[in-house]
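Novice: What follows is run.cif, mmCIF, C-alpha atoms.
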```cif
data_input
#
loop_
_atom_site.label_atom_id
_atom_site.label_comp_id
_atom_site.auth_asym_id
_atom_site.auth_seq_id
_atom_site.Cartn_x
_atom_site.Cartn_y
_atom_site.Cartn_z
CA MET A 8 -23.18 -53.60 10.48
CA THR A 9 -23.99 -49.92 10.54
CA LEU A 10 -23.40 -47.43 7.81
CA ALA A 11 -21.56 -44.17 8.48
CA PRO A 12 -23.94 -41.22 8.51
CA MET A 13 -24.10 -39.28 5.26
CA THR A 14 -24.64 -36.02 7.11
CA PRO A 15 -21.40 -34.37 8.32
CA LEU A 16 -20.99 -34.18 12.09
CA ALA A 17 -19.64 -30.60 11.94
CA ALA A 18 -20.28 -27.58 9.76
CA MET A 19 -19.64 -23.86 9.63
CA PRO A 20 -22.85 -21.82 9.89
CA SER A 21 -23.61 -18.69 7.88
CA PRO A 22 -25.50 -15.63 9.11
CA SER A 23 -29.12 -15.42 7.95
CA THR A 24 -29.13 -11.61 8.10
CA ALA A 25 -26.68 -9.22 6.44
CA VAL A 26 -28.67 -5.97 6.72
CA TRP A 27 -30.12 -4.28 9.78
CA GLN A 28 -32.44 -1.29 9.80
CA LEU A 29 -31.57 1.72 11.92
CA GLY A 30 -34.76 3.68 11.42
CA PRO A 31 -34.92 4.45 7.70
CA PHE A 32 -31.21 3.69 7.20
CA PRO A 33 -29.96 0.19 6.29
CA ILE A 34 -26.78 -0.94 8.04
CA ARG A 35 -25.03 -3.48 5.82
CA ALA A 36 -22.54 -5.97 7.21
CA TYR A 37 -20.52 -5.90 3.99
CA ALA A 38 -20.08 -2.12 4.23
CA LEU A 39 -19.05 -2.36 7.89
CA CYS A 40 -16.40 -4.95 7.00
CA ILE A 41 -15.07 -2.76 4.18
CA ILE A 42 -14.87 0.26 6.50
CA ALA A 43 -13.12 -1.78 9.20
CA GLY A 44 -10.62 -3.06 6.64
CA ILE A 45 -9.88 0.47 5.43
CA ALA A 46 -9.33 1.60 9.02
CA VAL A 47 -6.83 -1.20 9.68
CA ALA A 48 -4.97 -0.45 6.45
CA CYS A 49 -4.77 3.24 7.39
CA VAL A 50 -3.35 2.46 10.85
CA VAL A 51 -0.67 0.15 9.43
CA THR A 52 0.22 2.58 6.64
CA GLU A 53 0.40 5.56 9.00
CA TYR A 54 2.82 3.70 11.27
CA ARG A 55 5.06 2.68 8.38
CA LEU A 56 5.01 6.14 6.78
CA ARG A 57 6.13 7.74 10.03
CA ARG A 58 9.05 5.33 10.28
CA ARG A 59 10.12 6.51 6.83
CA GLY A 60 10.01 10.19 7.77
CA VAL A 61 6.52 11.31 6.74
CA ALA A 62 4.72 13.73 9.05
CA PRO A 63 1.83 12.41 11.18
CA GLY A 64 -1.62 12.39 9.61
CA ALA A 65 -0.48 12.08 6.00
CA VAL A 66 -2.38 8.80 5.56
CA LEU A 67 -5.68 10.60 6.08
CA ASP A 68 -4.86 13.05 3.29
CA ILE A 69 -4.03 10.09 1.06
CA ALA A 70 -7.15 8.12 2.04
CA VAL A 71 -9.42 11.04 1.16
CA TRP A 72 -8.32 10.58 -2.45
CA ALA A 73 -7.53 6.87 -2.59
CA VAL A 74 -10.66 5.39 -0.97
CA PRO A 75 -13.29 7.06 -3.20
CA ALA A 76 -11.15 6.46 -6.29
CA GLY A 77 -10.77 2.81 -5.26
CA ILE A 78 -14.52 2.35 -4.88
CA VAL A 79 -15.17 3.93 -8.26
CA GLY A 80 -12.48 1.76 -9.87
CA ALA A 81 -13.87 -1.38 -8.22
CA ARG A 82 -17.36 -0.66 -9.55
CA ILE A 83 -16.10 0.16 -13.05
CA TYR A 84 -14.21 -3.14 -13.19
CA HIS A 85 -17.30 -5.06 -12.08
CA VAL A 86 -19.53 -3.40 -14.66
CA ILE A 87 -16.99 -3.90 -17.47
CA THR A 88 -16.48 -7.57 -16.66
CA SER A 89 -20.21 -8.28 -16.08
CA PRO A 90 -21.93 -6.02 -18.63
CA GLU A 91 -24.83 -8.39 -19.31
CA LYS A 92 -26.30 -7.62 -15.88
CA TYR A 93 -26.77 -4.00 -16.83
CA PHE A 94 -26.67 -3.68 -20.61
CA GLY A 95 -27.76 -7.14 -21.79
CA ALA A 96 -31.25 -8.42 -22.48
CA GLY A 97 -33.46 -7.44 -19.58
CA GLY A 98 -30.67 -5.45 -17.95
CA GLU A 99 -31.13 -2.02 -16.37
CA PRO A 100 -28.24 0.37 -17.09
CA ILE A 101 -29.18 2.64 -14.18
CA LYS A 102 -28.38 -0.19 -11.77
CA ALA A 103 -24.72 0.13 -12.69
CA LEU A 104 -24.78 2.99 -10.17
CA TYR A 105 -26.48 0.94 -7.43
CA ILE A 106 -23.28 0.13 -5.60
CA TRP A 107 -25.21 -0.82 -2.44
CA GLU A 108 -26.57 -3.88 -4.25
CA GLY A 109 -23.06 -5.35 -4.43
CA GLY A 110 -20.54 -5.77 -7.20
CA LEU A 111 -16.97 -4.57 -6.52
CA GLY A 112 -13.83 -5.90 -8.18
CA ILE A 113 -10.58 -5.89 -6.21
CA TRP A 114 -8.56 -5.37 -9.40
CA GLY A 115 -10.40 -2.13 -10.13
CA ALA A 116 -10.13 -1.10 -6.49
CA VAL A 117 -6.33 -1.39 -6.54
CA ALA A 118 -6.05 0.46 -9.85
CA GLY A 119 -8.44 3.25 -8.85
CA GLY A 120 -6.91 3.55 -5.40
CA ALA A 121 -3.44 3.83 -6.94
CA VAL A 122 -4.58 6.78 -9.06
CA GLY A 123 -6.08 8.50 -6.02
CA ALA A 124 -2.98 7.83 -3.93
CA TRP A 125 -0.77 9.21 -6.71
CA LEU A 126 -2.77 12.45 -6.82
CA ALA A 127 -2.56 12.83 -3.03
CA ALA A 128 1.13 11.94 -2.92
CA ARG A 129 1.91 14.60 -5.51
CA GLN A 130 0.22 17.24 -3.38
CA LEU A 131 2.12 16.12 -0.28
CA GLY A 132 5.45 15.79 -2.09
CA ILE A 133 5.78 12.07 -1.23
CA PRO A 134 7.03 9.57 -3.85
CA LEU A 135 4.28 7.11 -4.77
CA THR A 136 6.66 4.19 -4.22
CA VAL A 137 7.05 5.18 -0.57
CA VAL A 138 3.28 5.20 -0.12
CA ALA A 139 2.93 1.85 -1.91
CA ASP A 140 5.59 0.14 0.21
CA ALA A 141 4.04 1.51 3.41
CA LEU A 142 0.63 0.19 2.32
CA ALA A 143 1.91 -3.26 1.27
CA PRO A 144 1.10 -5.22 4.47
CA GLY A 145 -2.02 -3.21 5.29
CA MET A 146 -3.70 -3.93 1.97
CA PRO A 147 -4.03 -7.72 2.41
CA LEU A 148 -5.22 -7.21 5.97
CA ALA A 149 -7.97 -4.92 4.67
CA GLN A 150 -8.94 -7.52 2.08
CA ALA A 151 -9.05 -10.24 4.75
CA ILE A 152 -11.47 -8.24 6.86
CA GLY A 153 -13.54 -7.37 3.81
CA ARG A 154 -14.01 -11.08 3.02
CA LEU A 155 -16.08 -11.39 6.19
CA GLY A 156 -18.71 -9.37 4.37
CA ASN A 157 -19.00 -12.19 1.83
CA TRP A 158 -19.74 -14.57 4.69
CA PHE A 159 -22.60 -12.37 5.86
CA ASN A 160 -23.91 -12.18 2.28
CA ASN A 161 -23.79 -15.98 1.83
CA GLU A 162 -21.69 -15.60 -1.31
CA LEU A 163 -18.34 -16.55 -2.86
CA TYR A 164 -18.37 -20.17 -1.79
CA GLY A 165 -16.93 -23.18 -3.59
CA GLY A 166 -18.13 -26.64 -4.52
CA ARG A 167 -19.70 -29.28 -2.32
CA THR A 168 -17.61 -30.83 0.45
CA THR A 169 -17.91 -33.12 3.48
CA LEU A 170 -15.03 -31.51 5.38
CA PRO A 171 -15.67 -30.51 9.00
CA TRP A 172 -15.39 -26.86 8.07
CA GLY A 173 -17.91 -27.16 5.26
CA LEU A 174 -20.07 -24.05 4.96
CA GLU A 175 -23.83 -23.91 5.35
CA VAL A 176 -25.26 -21.51 2.77
CA HIS A 177 -28.68 -19.89 3.04
CA VAL A 178 -31.05 -19.28 0.16
CA MET A 179 -31.28 -15.49 0.11
CA ASP A 180 -34.64 -13.81 -0.39
CA PRO A 181 -34.68 -11.85 -3.69
CA ASP A 182 -37.59 -9.74 -2.44
CA ASN A 183 -35.85 -8.88 0.84
CA PRO A 184 -32.15 -8.31 0.07
CA GLY A 185 -29.79 -9.10 2.90
CA HIS A 186 -32.10 -11.66 4.48
CA ALA A 187 -32.43 -15.41 4.09
CA LEU A 188 -35.57 -16.90 2.61
CA ARG A 189 -37.76 -18.50 5.30
CA ASP A 190 -40.11 -21.47 5.22
CA ASP A 191 -43.65 -21.59 6.53
CA ALA A 192 -42.40 -22.20 10.04
CA GLY A 193 -40.18 -19.10 9.88
CA ASN A 194 -36.88 -20.99 9.70
CA PRO A 195 -34.17 -19.86 7.24
CA VAL A 196 -33.88 -22.10 4.20
CA LEU A 197 -30.48 -23.72 3.54
CA GLN A 198 -28.89 -24.85 0.30
CA PRO A 199 -28.58 -28.67 0.25
CA GLY A 200 -25.23 -29.95 1.54
CA LEU A 201 -22.07 -28.12 2.58
CA TYR A 202 -19.68 -26.02 0.51
CA HIS A 203 -16.03 -24.96 0.54
CA PRO A 204 -15.74 -21.60 2.39
CA THR A 205 -13.56 -19.99 -0.27
CA PHE A 206 -14.02 -16.61 1.40
CA LEU A 207 -12.33 -18.09 4.49
CA TYR A 208 -9.52 -19.58 2.43
CA GLU A 209 -8.80 -16.17 0.92
CA LEU A 210 -9.08 -14.47 4.33
CA LEU A 211 -6.43 -16.74 5.82
CA TRP A 212 -4.26 -16.51 2.72
CA ASN A 213 -4.30 -12.70 2.87
CA VAL A 214 -3.24 -12.72 6.51
CA GLY A 215 -0.34 -14.95 5.49
CA VAL A 216 0.58 -12.56 2.66
CA ALA A 217 0.67 -9.64 5.12
CA ALA A 218 3.01 -11.63 7.40
CA LEU A 219 5.21 -12.57 4.43
CA VAL A 220 5.55 -8.94 3.34
CA LEU A 221 6.44 -7.80 6.87
CA ILE A 222 9.08 -10.50 7.32
CA LEU A 223 10.78 -10.12 3.94
CA ASP A 224 10.60 -6.34 4.05
CA ARG A 225 12.36 -6.36 7.40
CA ARG A 226 15.08 -8.73 6.20
CA LEU A 227 15.63 -7.42 2.66
CA ARG A 228 14.95 -3.70 3.30
CA LEU A 229 12.73 -3.52 0.22
CA GLY A 230 12.23 -0.17 -1.50
CA ARG A 231 11.16 1.49 -4.75
CA GLY A 232 7.73 -0.19 -4.65
CA ARG A 233 9.11 -3.73 -4.38
CA ALA A 234 7.27 -4.45 -1.11
CA PHE A 235 3.99 -3.62 -2.84
CA ALA A 236 4.97 -5.81 -5.79
CA LEU A 237 5.64 -8.64 -3.33
CA TYR A 238 2.13 -8.21 -1.91
CA VAL A 239 0.63 -8.30 -5.41
CA MET A 240 2.51 -11.51 -6.26
CA GLY A 241 1.46 -13.18 -3.02
CA TYR A 242 -2.17 -12.19 -3.36
CA THR A 243 -2.52 -13.22 -6.99
CA VAL A 244 -1.02 -16.66 -6.36
CA GLY A 245 -3.70 -17.31 -3.76
CA ARG A 246 -6.44 -15.75 -5.82
CA PHE A 247 -5.50 -18.01 -8.75
CA TRP A 248 -6.18 -21.34 -6.99
CA ILE A 249 -9.05 -20.04 -4.86
CA GLU A 250 -10.80 -18.66 -7.93
CA LEU A 251 -10.66 -22.12 -9.50
CA MET A 252 -12.64 -23.48 -6.53
CA ARG A 253 -15.46 -20.95 -6.71
CA THR A 254 -18.79 -21.94 -8.25
CA ASP A 255 -20.59 -18.59 -8.25
CA GLU A 256 -21.62 -17.06 -11.55
CA ALA A 257 -18.78 -15.50 -13.55
CA ASN A 258 -17.70 -14.77 -17.12
CA HIS A 259 -15.29 -17.22 -18.76
CA ILE A 260 -12.56 -16.95 -21.40
CA LEU A 261 -11.53 -20.22 -23.10
CA GLY A 262 -13.44 -22.10 -20.42
CA VAL A 263 -11.57 -20.42 -17.52
CA ARG A 264 -12.99 -17.80 -15.17
CA LEU A 265 -12.03 -14.25 -16.10
CA ASN A 266 -10.48 -13.53 -12.70
CA VAL A 267 -8.13 -16.49 -13.12
CA TRP A 268 -6.68 -14.90 -16.25
CA THR A 269 -6.51 -11.53 -14.49
CA ALA A 270 -4.66 -13.02 -11.53
CA ALA A 271 -2.10 -14.67 -13.81
CA LEU A 272 -1.43 -11.50 -15.83
CA VAL A 273 -1.17 -9.27 -12.77
CA PHE A 274 1.23 -11.74 -11.15
CA LEU A 275 3.52 -11.65 -14.19
CA GLY A 276 3.49 -7.85 -14.19
CA ALA A 277 4.36 -7.68 -10.48
CA LEU A 278 7.10 -10.31 -10.90
CA ILE A 279 8.72 -8.37 -13.76
CA TYR A 280 8.64 -5.18 -11.69
CA PHE A 281 10.09 -6.92 -8.62
CA VAL A 282 12.97 -8.42 -10.62
CA ARG A 283 13.84 -5.40 -12.76
CA VAL A 284 13.50 -2.56 -10.25
CA ARG A 285 16.33 -2.29 -7.76
CA GLY A 286 17.34 0.16 -5.10
CA PRO A 287 17.50 0.65 -1.34
CA ARG A 288 14.57 1.52 0.88
CA GLU A 289 13.60 5.15 0.55
CA TYR A 290 13.59 7.51 3.54
CA LEU A 291 12.34 11.09 3.53
CA VAL A 292 13.41 14.33 5.14
CA PRO A 293 11.42 17.55 4.90
CA VAL A 294 12.05 20.30 2.41
CA GLY A 295 11.96 23.23 4.78
CA GLU A 296 11.55 22.53 8.47
CA PRO A 297 7.90 22.41 9.62
CA ALA A 298 6.87 24.94 12.19
CA ALA A 299 6.19 23.24 15.51
CA PRO A 300 2.99 24.44 17.20
CA VAL A 301 3.63 26.48 20.35
CA ALA A 302 1.70 25.33 23.42
CA PRO A 303 0.08 28.15 25.43
CA ALA A 304 1.78 28.94 28.73
CA GLY A 305 0.68 30.88 31.78
CA ASP A 306 -2.81 32.26 32.36
CA VAL A 307 -5.31 31.10 29.72
CA SER A 308 -6.83 34.57 29.65
CA GLN A 309 -3.57 35.92 28.25
CA VAL A 310 -3.50 33.63 25.23
CA ASP A 311 -3.74 35.48 21.92
CA LEU A 312 -6.97 34.22 20.36
CA SER A 313 -6.19 35.90 17.03
CA VAL A 314 -3.76 33.08 16.30
CA GLY A 315 -6.54 30.50 16.60
CA GLU A 316 -8.87 32.60 14.47
CA ALA A 317 -6.28 32.83 11.71
CA GLY A 318 -5.75 29.08 11.82
CA ALA A 319 -3.12 26.87 13.37
CA ARG A 320 0.37 27.10 12.03
CA PRO A 321 1.21 24.29 9.61
CA VAL A 322 3.04 21.26 10.98
CA ALA A 323 3.50 19.30 7.75
CA PRO A 324 6.50 20.33 5.62
CA GLU A 325 6.28 21.81 2.15
CA GLY A 326 7.52 18.55 0.67
CA TYR A 327 10.06 15.78 1.07
CA ARG A 328 13.25 14.57 -0.53
CA VAL A 329 14.71 11.08 -0.56
CA VAL A 330 17.82 10.30 1.49
CA THR A 331 19.73 7.19 2.47
CA GLU A 332 19.00 5.27 5.64
CA ASP A 333 22.23 6.52 7.27
CA GLN A 334 21.36 10.12 6.44
CA PHE A 335 17.85 9.62 7.80
CA ARG A 336 19.15 8.22 11.08
CA ALA A 337 21.59 11.09 11.44
CA TYR A 338 18.77 13.55 10.82
CA ARG A 339 16.62 11.89 13.48
CA GLU A 340 19.48 11.99 16.00
CA THR A 341 20.78 15.49 15.35
CA GLY A 342 17.90 17.33 13.66
CA ALA A 343 20.31 18.62 11.00
CA LEU A 344 19.17 18.14 7.43
CA PRO A 345 21.67 16.29 5.22
CA PRO A 346 23.28 18.28 2.38
CA THR A 347 21.39 18.37 -0.88
CA GLU A 348 24.52 18.39 -3.11
CA PRO A 349 28.08 17.08 -2.76
CA ALA A 350 30.43 19.73 -1.34
CA ALA A 351 33.13 19.00 -3.95
CA THR A 352 33.16 17.44 -7.38
CA ASP A 353 36.50 15.62 -7.39
CA ASP A 354 39.51 14.83 -5.21
CA ALA A 355 41.63 17.61 -6.70
CA ASP A 356 39.06 20.29 -5.81
CA ARG A 357 38.74 18.96 -2.25
CA ALA A 358 42.55 18.90 -1.81
CA ALA A 359 42.94 22.43 -3.17
CA SER A 360 40.10 23.73 -1.02
CA ASP A 361 41.49 22.21 2.17
CA ASP A 362 45.02 23.33 1.32
CA ASP A 363 43.88 26.94 0.89
CA ALA A 364 41.94 26.77 4.14
CA ASP A 365 45.03 25.50 6.02
CA ARG A 366 47.38 28.13 4.42
CA PRO A 367 45.83 31.63 4.56
CA ASP A 368 49.04 33.23 3.23
CA ARG A 369 48.75 31.23 0.01
CA ALA A 370 45.11 32.17 -0.41
CA ALA A 371 46.05 35.83 0.03
CA THR A 372 48.92 35.82 -2.47
CA ASP A 373 47.22 33.81 -5.22
CA GLY A 374 45.28 36.14 -7.46
CA PRO A 375 42.31 35.45 -9.66
CA ASP A 376 44.55 34.82 -12.65
CA ASP A 377 46.56 32.21 -10.79
CA ALA A 378 43.42 30.45 -9.58
CA SER A 379 41.98 30.44 -13.09
CA ALA A 380 45.19 29.03 -14.48
CA ASP A 381 45.19 26.29 -11.88
CA ARG A 382 41.59 25.38 -12.70
CA ALA A 383 42.29 25.43 -16.42
CA GLY A 384 45.30 23.22 -16.00
CA ALA A 385 43.32 20.74 -13.93
CA GLY A 386 40.61 20.72 -16.57
CA ASP A 387 43.09 20.21 -19.46
CA ASP A 388 44.88 17.33 -17.75
CA PRO A 389 42.51 14.95 -15.93
CA ALA A 390 45.47 13.12 -14.50
CA GLY A 391 47.03 16.35 -13.26
CA ALA A 392 46.89 15.19 -9.69
CA ASP A 393 49.58 12.61 -10.52
CA HIS A 394 52.01 15.32 -11.69
CA THR A 395 52.12 17.21 -8.40
CA ASP A 396 55.32 17.21 -6.38
CA GLY A 397 55.75 15.36 -3.13
CA ALA A 398 54.93 18.37 -0.96
CA ASP A 399 51.63 18.91 -2.67
CA ARG A 400 50.75 15.24 -2.27
CA ALA A 401 51.64 15.41 1.39
CA ASP A 402 49.43 18.47 1.86
CA ALA A 403 46.55 16.71 0.11
CA GLY A 404 47.04 13.67 2.30
CA ARG A 405 46.95 15.82 5.44
CA ALA A 406 43.75 17.47 4.21
CA ASP A 407 42.03 14.13 3.61
CA ALA A 408 43.12 12.86 6.98
CA GLY A 409 41.70 15.93 8.67
CA GLY A 410 38.30 14.38 9.14
CA ARG A 411 36.44 15.66 6.10
CA PRO A 412 33.01 13.94 5.98
CA THR A 413 32.38 11.49 3.15
CA ASP A 414 29.52 12.45 0.82
CA ARG A 415 26.96 9.77 -0.02
CA ASP A 416 24.59 9.74 -2.96
CA SER A 417 20.97 9.72 -1.90
#
```
Reformat the file's structure so that it appears as structure tokens.

Specialist:
Amino acid sequence: MTLAPMTPLAAMPSPSTAVWQLGPFPIRAYALCIIAGIAVACVVTEYRLRRRGVAPGAVLDIAVWAVPAGIVGARIYHVITSPEKYFGAGGEPIKALYIWEGGLGIWGAVAGGAVGAWLAARQLGIPLTVVADALAPGMPLAQAIGRLGNWFNNELYGGRTTLPWGLEVHVMDPDNPGHALRDDAGNPVLQPGLYHPTFLYELLWNVGVAALVLILDRRLRLGRGRAFALYVMGYTVGRFWIELMRTDEANHILGVRLNVWTAALVFLGALIYFVRVRGPREYLVPVGEPAAPVAPAGDVSQVDLSVGEAGARPVAPEGYRVVTEDQFRAYRETGALPPTEPAATDDADRAASDDDADRPDRAATDGPDDASADRAGAGDDPAGADHTDGADRADAGRADAGGRPTDRDS
């Protein structure tokens, strides 16, 4: 009789190095993953913004504000929720600024990034809800890529396991950050046993959240920030159960990790927003047509260089206004901007206007006093249209049947 081996036959390795030196400059794997995630989110958001009518390149203007604000917010959240590391006994307050040593909270990143995006959106004339809905699937993809940085850092793992995908975790060298501690033979030292790769669980969960947002947004035509609320709900559900598996150091409230409480509260807030806020998907058309750049033609020597010296003509519009999906499609097909206001306020005005247009002799004979009297009578009797004679009703019917376009509220 032989006993089954206690050592698992398969395991997931972890990198023993998370920092590389390029001359005097350290190249950190975690930073590279964060940058790659931001790039993917920008590409997805740019594509979705264009499909909603925003001019090309707007995502870069938004990222210039949102990314730094998100980093600041992420660091502030980490310092507030882990103050003992910096302001407790033996803590060094100055290290609260040492962002390269790690310590970023996703909750603060979302809040800070939202403030930065709001500031940029105001300058561009884009509603924040349009930006949020465009970002909704790109955000979890960015978070998924960022979790690879935790793998390089040998952090954010769960409890012990014997599963085939159990994670090997190195003992990191406190005197050489970003590198595993090594024994006398020069081999990296491992923690005993295998651990749940919670970073991988969250990575896969976030990819699933991105797919969920894309599918439901396509089917339900979500708008008014509801796609972003869907992302928040999906992410927090996963973060709730994954956080319960983690064994790394964290602050607790009533015996439960702080981030578990945060995930539950944020989920409730997103759920309330998703249920209460209604409305169709928002599309944008420019306020004032942008000037299209003119390509030089003919001999290059004849091109007016003073135009280049003065700066290229602007392509982005002055701002945007929200329209319906039908109006947006018509604008894309014809290039004609939809009307900003209804052409007529009620059926009686439209009938009178069309009747006058069809009968020039009546328009010429009716004086200002007669027109004023007609308007006053219509205003005194809201049901005045029902008191007209048969001829008038026939004229109104012919006017309505003449192909007058139907106005739609945007």

Novice: The PyMOL selection byres ((chain A and resi 243-253) around 12) on the file shown: which residues, as a short mmCIF file (atom, residue, chain, number, x, y, z; two decimals) with C-alpha atoms, in the coordinates of the input?

Specialist:
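Final output, saved to part.cif:
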```cif
data_model
loop_
_atom_site.label_atom_id
_atom_site.label_comp_id
_atom_site.auth_asym_id
_atom_site.auth_seq_id
_atom_site.Cartn_x
_atom_site.Cartn_y
_atom_site.Cartn_z
CA ILE A 113 -10.58 -5.89 -6.21
CA TRP A 114 -8.56 -5.37 -9.40
CA PRO A 147 -4.03 -7.72 2.41
CA GLN A 150 -8.94 -7.52 2.08
CA GLU A 162 -21.69 -15.60 -1.31
CA LEU A 163 -18.34 -16.55 -2.86
CA TYR A 164 -18.37 -20.17 -1.79
CA GLY A 165 -16.93 -23.18 -3.59
CA GLY A 166 -18.13 -26.64 -4.52
CA ARG A 167 -19.70 -29.28 -2.32
CA THR A 168 -17.61 -30.83 0.45
CA TYR A 202 -19.68 -26.02 0.51
CA HIS A 203 -16.03 -24.96 0.54
CA PRO A 204 -15.74 -21.60 2.39
CA THR A 205 -13.56 -19.99 -0.27
CA PHE A 206 -14.02 -16.61 1.40
CA LEU A 207 -12.33 -18.09 4.49
CA TYR A 208 -9.52 -19.58 2.43
CA GLU A 209 -8.80 -16.17 0.92
CA LEU A 210 -9.08 -14.47 4.33
CA LEU A 211 -6.43 -16.74 5.82
CA TRP A 212 -4.26 -16.51 2.72
CA ASN A 213 -4.30 -12.70 2.87
CA VAL A 214 -3.24 -12.72 6.51
CA GLY A 215 -0.34 -14.95 5.49
CA VAL A 216 0.58 -12.56 2.66
CA ALA A 236 4.97 -5.81 -5.79
CA LEU A 237 5.64 -8.64 -3.33
CA TYR A 238 2.13 -8.21 -1.91
CA VAL A 239 0.63 -8.30 -5.41
CA MET A 240 2.51 -11.51 -6.26
CA GLY A 241 1.46 -13.18 -3.02
CA TYR A 242 -2.17 -12.19 -3.36
CA THR A 254 -18.79 -21.94 -8.25
CA ASP A 255 -20.59 -18.59 -8.25
CA GLU A 256 -21.62 -17.06 -11.55
CA ALA A 257 -18.78 -15.50 -13.55
CA HIS A 259 -15.29 -17.22 -18.76
CA GLY A 262 -13.44 -22.10 -20.42
CA VAL A 263 -11.57 -20.42 -17.52
CA ARG A 264 -12.99 -17.80 -15.17
CA LEU A 265 -12.03 -14.25 -16.10
CA ASN A 266 -10.48 -13.53 -12.70
CA VAL A 267 -8.13 -16.49 -13.12
CA TRP A 268 -6.68 -14.90 -16.25
CA THR A 269 -6.51 -11.53 -14.49
CA ALA A 270 -4.66 -13.02 -11.53
CA ALA A 271 -2.10 -14.67 -13.81
CA LEU A 272 -1.43 -11.50 -15.83
CA VAL A 273 -1.17 -9.27 -12.77
CA PHE A 274 1.23 -11.74 -11.15
CA LEU A 275 3.52 -11.65 -14.19
CA GLY A 276 3.49 -7.85 -14.19
CA ALA A 277 4.36 -7.68 -10.48
CA LEU A 278 7.10 -10.31 -10.90
#
```

Novice: Could you tell me how far atom CA of A:Ala128 lies from atom CA of A:Ala70, in Å and to one decimal?

Specialist: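 Computed distance, atom CA of A:Ala128 to atom CA of A:Ala70, equals 10.4 Å.
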
Novice: What is the atom CA of A:Arg288 to atom CA of A:Gly64 distance in Å?

Specialist: 21.4 Å

Novice: Quick one: which residues end up in the PyMOL selection byres ((chain A and resi 122) around 10) for this structure, as a ChimeraX atom specification?

Specialist: /A:72-73,76-77,80,116-121,123-128,135

Novice: Tell me which protein, DNA and RNA residues are within 9 Å of stretch 57-61 of chain A, counting only C-alpha atoms, leaving out same-chain ones fewer than 2 positions away, and put them as an NGL selection string.

Specialist: :A and (52-55 or 63-65 or 133 or 137 or 141 or 288-293 or 323 or 327 or 335 or 339)

Novice: Run through the PyMOL selection byres ((chain A and resi 156) around 6) on the given coordinates and return the selected residues as a list in words.

Specialist: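 So the PyMOL selection byres ((chain A and resi 156) around 6), applied here, picks out Ala36, Tyr37, Cys40, Gly153, Arg154, Leu155, Asn157, Trp158 and Phe159 of chain A.
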
Novice: I'd like the interatomic distance between atom CA of A:Arg225 and atom CA of A:Gly342, to a tenth of an Å.

Specialist: 25.1 Å

Novice: Write out as AutoDock Vina command-line options an axis-aligned box for stretch 125-140 of chain A: all of its atoms listed in the file, 6 Å added on each side, centre and edge lengths in Å with one decimal.

Specialist:
```
--center_x 2.1 --center_y 8.7 --center_z -3.3 --size_x 21.8 --size_y 29.1 --size_z 19.0
```

Novice: Counting all atoms listed in the file, which of A:Val176, A:Met146, A:Val79, A:Gly110 gets nearest to A:Tyr93?

Specialist: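 For A:Tyr93, the nearest of the given residues is A:Gly110.
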
Novice: Identify which of the residues A:Ile101, A:Leu223, A:Val138, A:Ala149 lies closest to A:Leu39, counting only C-alpha atoms when measuring atom-to-atom distances.

Specialist: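 Checking each of A:Ile101, A:Leu223, A:Val138, A:Ala149 against A:Leu39, counting only C-alpha atoms, the winner is A:Ala149.
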
Novice: Point out the residue among A:Leu56, A:Ala38, A:Ala143, A:Met179 with the least atom-to-atom distance to A:Gly109, counting all atoms listed in the file.

Specialist: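 Using all atoms listed in the file, the shortest distance to A:Gly109 belongs to A:Ala38.
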
Novice: A:Ala343, A:Leu67, A:Leu29, A:Ala18: which is nearest A:Gly173, counting only C-alpha atoms?

Specialist: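 With only C-alpha atoms as the atom set, the closest residue is A:Ala18.
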